[in-house]
$ cat my_file_5.csv   # CSV, C-alpha atoms
chain,number,residue,atom,x,y,z
N,1,ASP,CA,2.2,15.8,-11.2
N,2,SER,CA,2.4,15.0,-14.9
N,3,GLY,CA,2.3,18.7,-16.1
N,4,VAL,CA,-1.0,18.2,-17.9
N,5,THR,CA,-3.8,20.3,-16.4
N,6,GLN,CA,-7.6,19.8,-16.8
N,7,THR,CA,-10.5,21.9,-15.8
N,8,PRO,CA,-12.9,21.7,-14.2
N,9,LYS,CA,-12.1,19.0,-11.7
N,10,HIS,CA,-15.7,18.0,-11.1
N,11,LEU,CA,-18.8,18.8,-13.1
N,12,ILE,CA,-22.4,18.0,-12.3
N,13,THR,CA,-25.1,18.8,-14.9
N,14,ALA,CA,-28.5,17.6,-16.1
N,15,THR,CA,-29.4,15.4,-19.0
N,16,GLY,CA,-29.7,17.2,-22.3
N,17,GLN,CA,-27.2,19.9,-21.4
N,18,ARG,CA,-23.8,20.7,-23.0
N,19,VAL,CA,-20.5,20.9,-21.3
N,20,THR,CA,-16.9,21.8,-22.3
N,21,LEU,CA,-13.9,20.2,-20.7
N,22,ARG,CA,-10.5,21.9,-21.1
N,23,CYS,CA,-7.0,20.5,-21.2
N,24,SER,CA,-3.6,22.2,-21.2
N,25,PRO,CA,-0.8,19.8,-22.3
N,26,ARG,CA,2.7,19.7,-20.9
N,27,SER,CA,4.9,22.5,-22.1
N,28,GLY,CA,6.3,21.4,-25.5
N,29,ASP,CA,3.9,18.6,-26.1
N,30,LEU,CA,2.1,18.8,-29.5
N,31,SER,CA,-0.2,15.8,-29.2
N,32,VAL,CA,-3.4,15.8,-27.1
N,33,TYR,CA,-5.5,12.7,-26.4
N,34,TRP,CA,-8.9,12.4,-24.8
N,35,TYR,CA,-10.1,9.3,-22.9
N,36,GLN,CA,-13.3,8.3,-21.2
N,37,GLN,CA,-13.2,6.0,-18.1
N,38,SER,CA,-16.5,4.6,-16.8
N,39,LEU,CA,-17.0,1.8,-14.4
N,40,ASP,CA,-18.4,-0.6,-16.9
N,41,GLN,CA,-16.3,0.3,-19.9
N,42,GLY,CA,-12.8,0.9,-18.5
N,43,LEU,CA,-10.5,3.4,-20.2
N,44,GLN,CA,-11.6,4.2,-23.8
N,45,PHE,CA,-9.7,6.3,-26.3
N,46,LEU,CA,-11.9,9.0,-27.8
N,47,ILE,CA,-9.8,11.2,-30.1
N,48,GLN,CA,-6.3,12.5,-30.7
N,49,TYR,CA,-5.0,15.9,-32.0
N,50,TYR,CA,-1.5,16.7,-33.2
N,51,ASN,CA,-0.5,20.3,-33.6
N,52,GLY,CA,-4.1,21.4,-34.2
N,53,GLU,CA,-5.1,18.6,-36.5
N,54,GLU,CA,-7.3,15.6,-35.8
N,55,ARG,CA,-5.0,12.6,-36.0
N,56,ALA,CA,-6.9,9.5,-34.8
N,57,LYS,CA,-10.4,8.8,-33.7
N,58,GLY,CA,-11.6,6.1,-31.3
N,59,ASN,CA,-15.0,5.4,-29.8
N,60,ILE,CA,-16.2,9.0,-29.8
N,61,LEU,CA,-20.0,9.6,-30.1
N,62,GLU,CA,-21.4,12.0,-32.6
N,63,ARG,CA,-22.7,14.1,-29.7
N,64,PHE,CA,-19.0,14.7,-28.7
N,65,SER,CA,-16.6,16.9,-30.5
N,66,ALA,CA,-13.1,18.2,-29.7
N,67,GLN,CA,-10.6,20.7,-31.0
N,68,GLN,CA,-7.0,21.8,-30.4
N,69,PHE,CA,-6.3,25.5,-30.5
N,70,PRO,CA,-3.2,27.3,-31.8
N,71,ASP,CA,-1.8,27.5,-28.3
N,72,LEU,CA,-2.2,23.7,-28.2
N,73,HIS,CA,-4.8,23.6,-25.5
N,74,SER,CA,-7.7,21.4,-26.3
N,75,GLU,CA,-11.4,21.3,-25.5
N,76,LEU,CA,-13.8,18.4,-25.5
N,77,ASN,CA,-17.4,19.3,-26.0
N,78,LEU,CA,-20.2,17.0,-24.9
N,79,SER,CA,-23.7,17.8,-25.9
N,80,SER,CA,-27.2,16.4,-25.4
N,81,LEU,CA,-25.8,14.7,-22.3
N,82,GLU,CA,-27.2,11.4,-21.1
N,83,LEU,CA,-26.9,9.6,-17.8
N,84,GLY,CA,-24.5,7.1,-19.4
N,85,ASP,CA,-22.1,9.9,-20.2
N,86,SER,CA,-21.2,10.1,-16.5
N,87,ALA,CA,-17.5,9.2,-16.3
N,88,LEU,CA,-14.0,10.4,-15.7
N,89,TYR,CA,-12.6,12.2,-18.7
N,90,PHE,CA,-8.9,12.2,-19.0
N,91,CYS,CA,-6.7,14.2,-21.3
N,92,ALA,CA,-3.1,13.1,-22.0
N,93,SER,CA,-0.3,14.7,-23.9
N,94,SER,CA,2.9,13.7,-25.6
N,95,VAL,CA,5.8,15.3,-27.3
N,96,ASP,CA,4.9,14.0,-30.7
N,97,ARG,CA,2.5,11.5,-32.3
N,98,LEU,CA,4.3,8.4,-31.2
N,99,ALA,CA,5.8,9.3,-27.8
N,100,THR,CA,4.7,8.3,-24.3
N,101,GLN,CA,1.5,9.9,-23.1
N,102,TYR,CA,1.2,11.6,-19.8
N,103,PHE,CA,-2.2,11.9,-18.2
N,104,GLY,CA,-3.9,14.8,-16.6
N,105,PRO,CA,-5.8,14.5,-13.3
N,106,GLY,CA,-9.2,14.1,-15.1
N,107,THR,CA,-12.6,15.7,-15.0
N,108,ARG,CA,-15.3,13.8,-13.2
N,109,LEU,CA,-18.6,14.4,-15.0
N,110,LEU,CA,-21.9,13.5,-13.3
N,111,VAL,CA,-25.0,13.7,-15.4
N,112,LEU,CA,-28.2,13.7,-13.3
J,1,GLU,CA,-10.4,-4.4,-33.9
J,2,ASP,CA,-7.5,-3.9,-31.5
J,3,LYS,CA,-7.9,-5.9,-28.3
J,4,VAL,CA,-6.0,-6.2,-24.9
J,5,VAL,CA,-6.8,-8.8,-22.3
J,6,GLN,CA,-5.3,-8.7,-18.9
J,7,SER,CA,-5.2,-11.4,-16.3
J,8,PRO,CA,-5.9,-11.9,-13.5
J,9,LEU,CA,-8.7,-9.4,-13.0
J,10,SER,CA,-7.9,-9.1,-9.3
J,11,LEU,CA,-5.1,-10.3,-7.1
J,12,VAL,CA,-4.7,-10.2,-3.4
J,13,VAL,CA,-1.3,-11.0,-1.9
J,14,HIS,CA,0.7,-10.4,1.3
J,15,GLU,CA,3.3,-7.8,1.6
J,16,GLY,CA,6.7,-9.2,0.5
J,17,ASP,CA,5.2,-11.6,-2.1
J,18,THR,CA,6.1,-11.4,-5.8
J,19,VAL,CA,3.4,-11.0,-8.3
J,20,THR,CA,3.2,-11.4,-12.1
J,21,LEU,CA,0.5,-9.6,-14.1
J,22,ASN,CA,-0.3,-10.7,-17.7
J,23,CYS,CA,-1.3,-8.9,-20.8
J,24,SER,CA,-2.1,-10.4,-24.2
J,25,TYR,CA,-3.0,-8.3,-27.2
J,26,GLU,CA,-4.0,-8.0,-30.8
J,27,VAL,CA,-3.2,-4.8,-32.6
J,28,THR,CA,-2.9,-3.6,-36.2
J,29,ASN,CA,0.6,-2.3,-36.9
J,30,PHE,CA,2.0,-2.7,-33.4
J,31,ARG,CA,4.2,0.1,-32.2
J,32,SER,CA,4.5,-0.3,-28.5
J,33,LEU,CA,3.0,-1.8,-25.3
J,34,LEU,CA,2.7,0.4,-22.2
J,35,TRP,CA,2.1,-0.3,-18.6
J,36,TYR,CA,0.4,2.2,-16.3
J,37,LYS,CA,-0.4,2.2,-12.6
J,38,GLN,CA,-3.7,3.8,-11.6
J,39,GLU,CA,-4.5,4.5,-8.0
J,40,LYS,CA,-7.4,6.8,-7.2
J,41,LYS,CA,-6.5,9.3,-9.9
J,42,ALA,CA,-4.9,9.5,-13.3
J,43,PRO,CA,-2.8,6.6,-14.8
J,44,THR,CA,0.9,7.0,-14.1
J,45,PHE,CA,3.3,5.7,-16.8
J,46,LEU,CA,5.5,2.8,-15.8
J,47,PHE,CA,7.1,1.3,-18.9
J,48,MET,CA,7.0,1.4,-22.7
J,49,LEU,CA,8.1,-1.7,-24.5
J,50,THR,CA,8.8,-1.8,-28.2
J,51,SER,CA,11.3,-4.6,-28.8
J,52,SER,CA,10.7,-8.2,-28.0
J,53,GLY,CA,12.7,-9.9,-25.3
J,54,ILE,CA,14.1,-6.8,-23.7
J,55,GLU,CA,13.4,-6.4,-20.1
J,56,LYS,CA,12.6,-3.0,-18.7
J,57,LYS,CA,13.4,-2.6,-15.0
J,58,SER,CA,12.7,0.1,-12.4
J,59,GLY,CA,13.4,-0.8,-8.9
J,60,ARG,CA,11.2,-3.7,-7.9
J,61,LEU,CA,9.2,-3.5,-11.1
J,62,SER,CA,10.1,-5.2,-14.4
J,63,SER,CA,8.4,-6.0,-17.6
J,64,ILE,CA,9.2,-8.0,-20.7
J,65,LEU,CA,7.5,-8.2,-24.1
J,66,ASP,CA,7.1,-11.2,-26.4
J,67,LYS,CA,6.1,-9.9,-29.8
J,68,LYS,CA,5.9,-13.4,-31.3
J,69,GLU,CA,3.4,-14.7,-28.8
J,70,LEU,CA,1.8,-11.2,-28.4
J,71,PHE,CA,2.0,-10.9,-24.6
J,72,SER,CA,3.7,-9.0,-21.9
J,73,ILE,CA,4.2,-9.6,-18.2
J,74,LEU,CA,4.7,-7.1,-15.4
J,75,ASN,CA,6.6,-8.4,-12.3
J,76,ILE,CA,6.6,-6.8,-8.9
J,77,THR,CA,9.0,-8.3,-6.3
J,78,ALA,CA,8.9,-7.7,-2.6
J,79,THR,CA,5.5,-6.1,-2.8
J,80,GLN,CA,4.6,-3.2,-0.5
J,81,THR,CA,1.2,-1.8,0.4
J,82,GLY,CA,1.9,1.2,-1.8
J,83,ASP,CA,1.9,-1.1,-4.8
J,84,SER,CA,-1.9,-1.6,-4.3
J,85,ALA,CA,-3.5,-0.2,-7.5
J,86,VAL,CA,-5.0,-1.1,-10.8
J,87,TYR,CA,-2.4,-1.9,-13.3
J,88,LEU,CA,-3.3,-1.1,-16.9
J,89,CYS,CA,-1.8,-2.5,-20.0
J,90,ALA,CA,-2.2,-0.7,-23.3
J,91,VAL,CA,-1.0,-1.2,-26.9
J,92,GLU,CA,-0.3,1.5,-29.4
J,93,GLY,CA,-0.6,1.2,-33.1
J,94,ASN,CA,1.4,2.8,-35.9
J,95,PHE,CA,1.0,4.2,-39.4
J,96,GLY,CA,-2.7,5.3,-39.2
J,97,ASN,CA,-3.6,3.3,-36.2
J,98,GLU,CA,-2.0,5.6,-33.7
J,99,LYS,CA,-4.2,5.2,-30.7
J,100,LEU,CA,-4.0,3.5,-27.3
J,101,THR,CA,-6.2,0.5,-26.6
J,102,PHE,CA,-6.4,-0.4,-22.9
J,103,GLY,CA,-7.1,-3.6,-21.1
J,104,THR,CA,-9.6,-3.6,-18.2
J,105,GLY,CA,-6.7,-3.8,-15.8
J,106,THR,CA,-5.6,-6.0,-12.9
J,107,ARG,CA,-6.6,-4.8,-9.4
J,108,LEU,CA,-3.7,-5.6,-7.1
J,109,THR,CA,-4.2,-5.5,-3.3
J,110,ILE,CA,-1.3,-5.9,-1.0
J,111,ILE,CA,-2.2,-7.0,2.6
J,112,PRO,CA,0.2,-5.8,5.3
$ encode --input "my_file_5.csv" --output "structure tokens"
Amino acid sequence: DSGVTQTPKHLITATGQRVTLRCSPRSGDLSVYWYQQSLDQGLQFLIQYYNGEERAKGNILERFSAQQFPDLHSELNLSSLELGDSALYFCASSVDRLATQYFGPGTRLLVL
Amino acid sequence: EDKVVQSPLSLVVHEGDTVTLNCSYEVTNFRSLLWYKQEKKAPTFLFMLTSSGIEKKSGRLSSILDKKELFSILNITATQTGDSAVYLCAVEGNFGNEKLTFGTGTRLTIIP
């Protein structure tokens, strides 16, 4: 158990819908990272927040957005969902911007 | 664009064998190279390497980084069935390129 929690564990929804994935980092960690893992793309970095501010951006679609709240938990919002958004979404956290990242258990999203 | 290439894609060996997994990379402003083990859930951190030529070791697993030739290897000796997993290599940038770029992984299967 890495100490990073993610909810929900599984999510099934329809195309065109919007979902919110939630992540609570390890106690004391200021950085939160979001990743998408699909069968054909492997693990892809989406976005990073550090102490509430966006720090780095990867291959994140415009339909996706994220934020980190004052209590350091983070939410990833996925809108206008498409079949291809079906994937495992991981959150990771680290103590600071350049420390080892520890992964949460992931949220499995299925878009029908 | 940052790039990580792992080889082989898949490896099947008998219990007790020694395996070597390879990772080559290109990254802007290299900071570190990380190895993760992923079974059916979230990636689990194994090693972080930042300096060239220094071997990191944990039990039967060891890893070394060659920053000049831009590659790393992960060795597993006396393999056990519990070592069966996908092994992911990732590189992390620095100074404005602070994100993880993952390779597609090496799937290791240990046959009893």
$ residues_near_point --input "my_file_5.csv" --point "(2.9, -3.3, -27.2)" --cutoff "6 Å" --atoms "only C-alpha atoms" --output "count of residues only"
3
$ closest_atom_pairs --input "my_file_5.csv" --of "chain N" --to "chain J" --cutoff "8 Å" --atoms "only C-alpha atoms" --output "tab-separated table"
residue	atom	partner	partner_atom	distance
N:Gln41	CA	J:Thr104	CA	7.9
N:Gly42	CA	J:Thr104	CA	5.5
N:Leu43	CA	J:Phe102	CA	6.2
N:Gln44	CA	J:Phe102	CA	7.0
N:Phe45	CA	J:Leu100	CA	6.4
N:Gln48	CA	J:Lys99	CA	7.6
N:Arg55	CA	J:Glu98	CA	8.0
N:Ala56	CA	J:Glu98	CA	6.4
N:Lys57	CA	J:Lys99	CA	7.8
N:Gly58	CA	J:Lys99	CA	7.5
N:Phe90	CA	J:Ala42	CA	7.5
N:Arg97	CA	J:Glu98	CA	7.6
N:Leu98	CA	J:Glu98	CA	7.3
N:Thr100	CA	J:Met48	CA	7.4
N:Gln101	CA	J:Phe45	CA	7.8
N:Tyr102	CA	J:Phe45	CA	6.9
N:Phe103	CA	J:Ala42	CA	6.1
N:Gly104	CA	J:Ala42	CA	6.3
N:Pro105	CA	J:Ala42	CA	5.1
N:Gly106	CA	J:Ala42	CA	6.5
$ write_last_selection --input "my_file_5.csv" --atoms "C-alpha atoms" --output "compact mmCIF listing (two decimals), in the frame of the given file"
# COMPACT_ATOMS: atom_id res chain seq x y z
CA GLN N 41 -16.30 0.30 -19.90
CA GLY N 42 -12.80 0.90 -18.50
CA LEU N 43 -10.50 3.40 -20.20
CA GLN N 44 -11.60 4.20 -23.80
CA PHE N 45 -9.70 6.30 -26.30
CA GLN N 48 -6.30 12.50 -30.70
CA ARG N 55 -5.00 12.60 -36.00
CA ALA N 56 -6.90 9.50 -34.80
CA LYS N 57 -10.40 8.80 -33.70
CA GLY N 58 -11.60 6.10 -31.30
CA PHE N 90 -8.90 12.20 -19.00
CA ARG N 97 2.50 11.50 -32.30
CA LEU N 98 4.30 8.40 -31.20
CA THR N 100 4.70 8.30 -24.30
CA GLN N 101 1.50 9.90 -23.10
CA TYR N 102 1.20 11.60 -19.80
CA PHE N 103 -2.20 11.90 -18.20
CA GLY N 104 -3.90 14.80 -16.60
CA PRO N 105 -5.80 14.50 -13.30
CA GLY N 106 -9.20 14.10 -15.10
$ atom_distance --input "my_file_5.csv" --atom1 "atom CA of His10 of chain N" --atom2 "atom CA of Arg108 of chain N"
4.7 Å
$ atom_distance --input "my_file_5.csv" --atom1 "atom CA of Arg63 of chain N" --atom2 "atom CA of Val4 of chain N"
25.0 Å
$ residues_around --input "my_file_5.csv" --residues "Tyr25 of chain J" --least-positions-apart "6" --cutoff "8 Å" --atoms "all atoms listed in the file" --output "list of chain:residue names"
J:Asp2, J:Lys3, J:Val4, J:Val5, J:Leu70, J:Phe71, J:Val91
$ residues_around --input "my_file_5.csv" --residues "Thr5 of chain N" --least-positions-apart "4" --cutoff "12 Å" --atoms "only C-alpha atoms" --output "PDB file with C-alpha atoms, in the coordinates of the input"
ATOM      1  CA  ASP N   1       2.200  15.800 -11.200  1.00  0.00           C
ATOM      2  CA  LYS N   9     -12.100  19.000 -11.700  1.00  0.00           C
ATOM      3  CA  LEU N  21     -13.900  20.200 -20.700  1.00  0.00           C
ATOM      4  CA  ARG N  22     -10.500  21.900 -21.100  1.00  0.00           C
ATOM      5  CA  CYS N  23      -7.000  20.500 -21.200  1.00  0.00           C
ATOM      6  CA  SER N  24      -3.600  22.200 -21.200  1.00  0.00           C
ATOM      7  CA  PRO N  25      -0.800  19.800 -22.300  1.00  0.00           C
ATOM      8  CA  ARG N  26       2.700  19.700 -20.900  1.00  0.00           C
ATOM      9  CA  SER N  27       4.900  22.500 -22.100  1.00  0.00           C
ATOM     10  CA  VAL N  32      -3.400  15.800 -27.100  1.00  0.00           C
ATOM     11  CA  HIS N  73      -4.800  23.600 -25.500  1.00  0.00           C
ATOM     12  CA  SER N  74      -7.700  21.400 -26.300  1.00  0.00           C
ATOM     13  CA  GLU N  75     -11.400  21.300 -25.500  1.00  0.00           C
ATOM     14  CA  PHE N  90      -8.900  12.200 -19.000  1.00  0.00           C
ATOM     15  CA  CYS N  91      -6.700  14.200 -21.300  1.00  0.00           C
ATOM     16  CA  ALA N  92      -3.100  13.100 -22.000  1.00  0.00           C
ATOM     17  CA  SER N  93      -0.300  14.700 -23.900  1.00  0.00           C
ATOM     18  CA  TYR N 102       1.200  11.600 -19.800  1.00  0.00           C
ATOM     19  CA  PHE N 103      -2.200  11.900 -18.200  1.00  0.00           C
ATOM     20  CA  GLY N 104      -3.900  14.800 -16.600  1.00  0.00           C
ATOM     21  CA  PRO N 105      -5.800  14.500 -13.300  1.00  0.00           C
ATOM     22  CA  GLY N 106      -9.200  14.100 -15.100  1.00  0.00           C
ATOM     23  CA  THR N 107     -12.600  15.700 -15.000  1.00  0.00           C
TER      24      THR N 107
ATOM     25  CA  ALA J  42      -4.900   9.500 -13.300  1.00  0.00           C
TER      26      ALA J  42
END
$ residues_around --input "my_file_5.csv" --residues "Val19 of chain J" --least-positions-apart "2" --cutoff "7 Å" --atoms "all atoms listed in the file" --output "ChimeraX atom specification"
/J:17,21,75-77
$ write_last_selection --input "my_file_5.csv" --atoms "C-alpha atoms" --output "short mmCIF file (atom, residue, chain, number, x, y, z; two decimals), keeping the file's coordinate frame"
data_model
loop_
_atom_site.label_atom_id
_atom_site.label_comp_id
_atom_site.auth_asym_id
_atom_site.auth_seq_id
_atom_site.Cartn_x
_atom_site.Cartn_y
_atom_site.Cartn_z
CA ASP J 17 5.20 -11.60 -2.10
CA LEU J 21 0.50 -9.60 -14.10
CA ASN J 75 6.60 -8.40 -12.30
CA ILE J 76 6.60 -6.80 -8.90
CA THR J 77 9.00 -8.30 -6.30
#
$ atom_distance --input "my_file_5.csv" --atom1 "atom CA of Asp83 of chain J" --atom2 "atom CA of Ser7 of chain J"
17.0 Å
$ residues_around --input "my_file_5.csv" --residues "Ile54 of chain J" --least-positions-apart "3" --cutoff "10 Å" --atoms "all atoms listed in the file" --output "PyMOL selection string"
chain J and resi 49-51+57+63-66
$ residues_around --input "my_file_5.csv" --residues "Pro112 of chain J" --least-positions-apart "2" --cutoff "10 Å" --atoms "only C-alpha atoms" --output "list of chain:residue names"
J:Val13, J:His14, J:Glu15, J:Gly16, J:Thr79, J:Gln80, J:Thr81, J:Thr109, J:Ile110
$ residues_near_point --input "my_file_5.csv" --point "(-23.3, 14.6, -17.9)" --cutoff "6 Å" --atoms "all atoms listed in the file" --output "list of chain:residue names"
N:Thr13, N:Leu81, N:Glu82, N:Asp85, N:Ser86, N:Leu109, N:Leu110, N:Val111
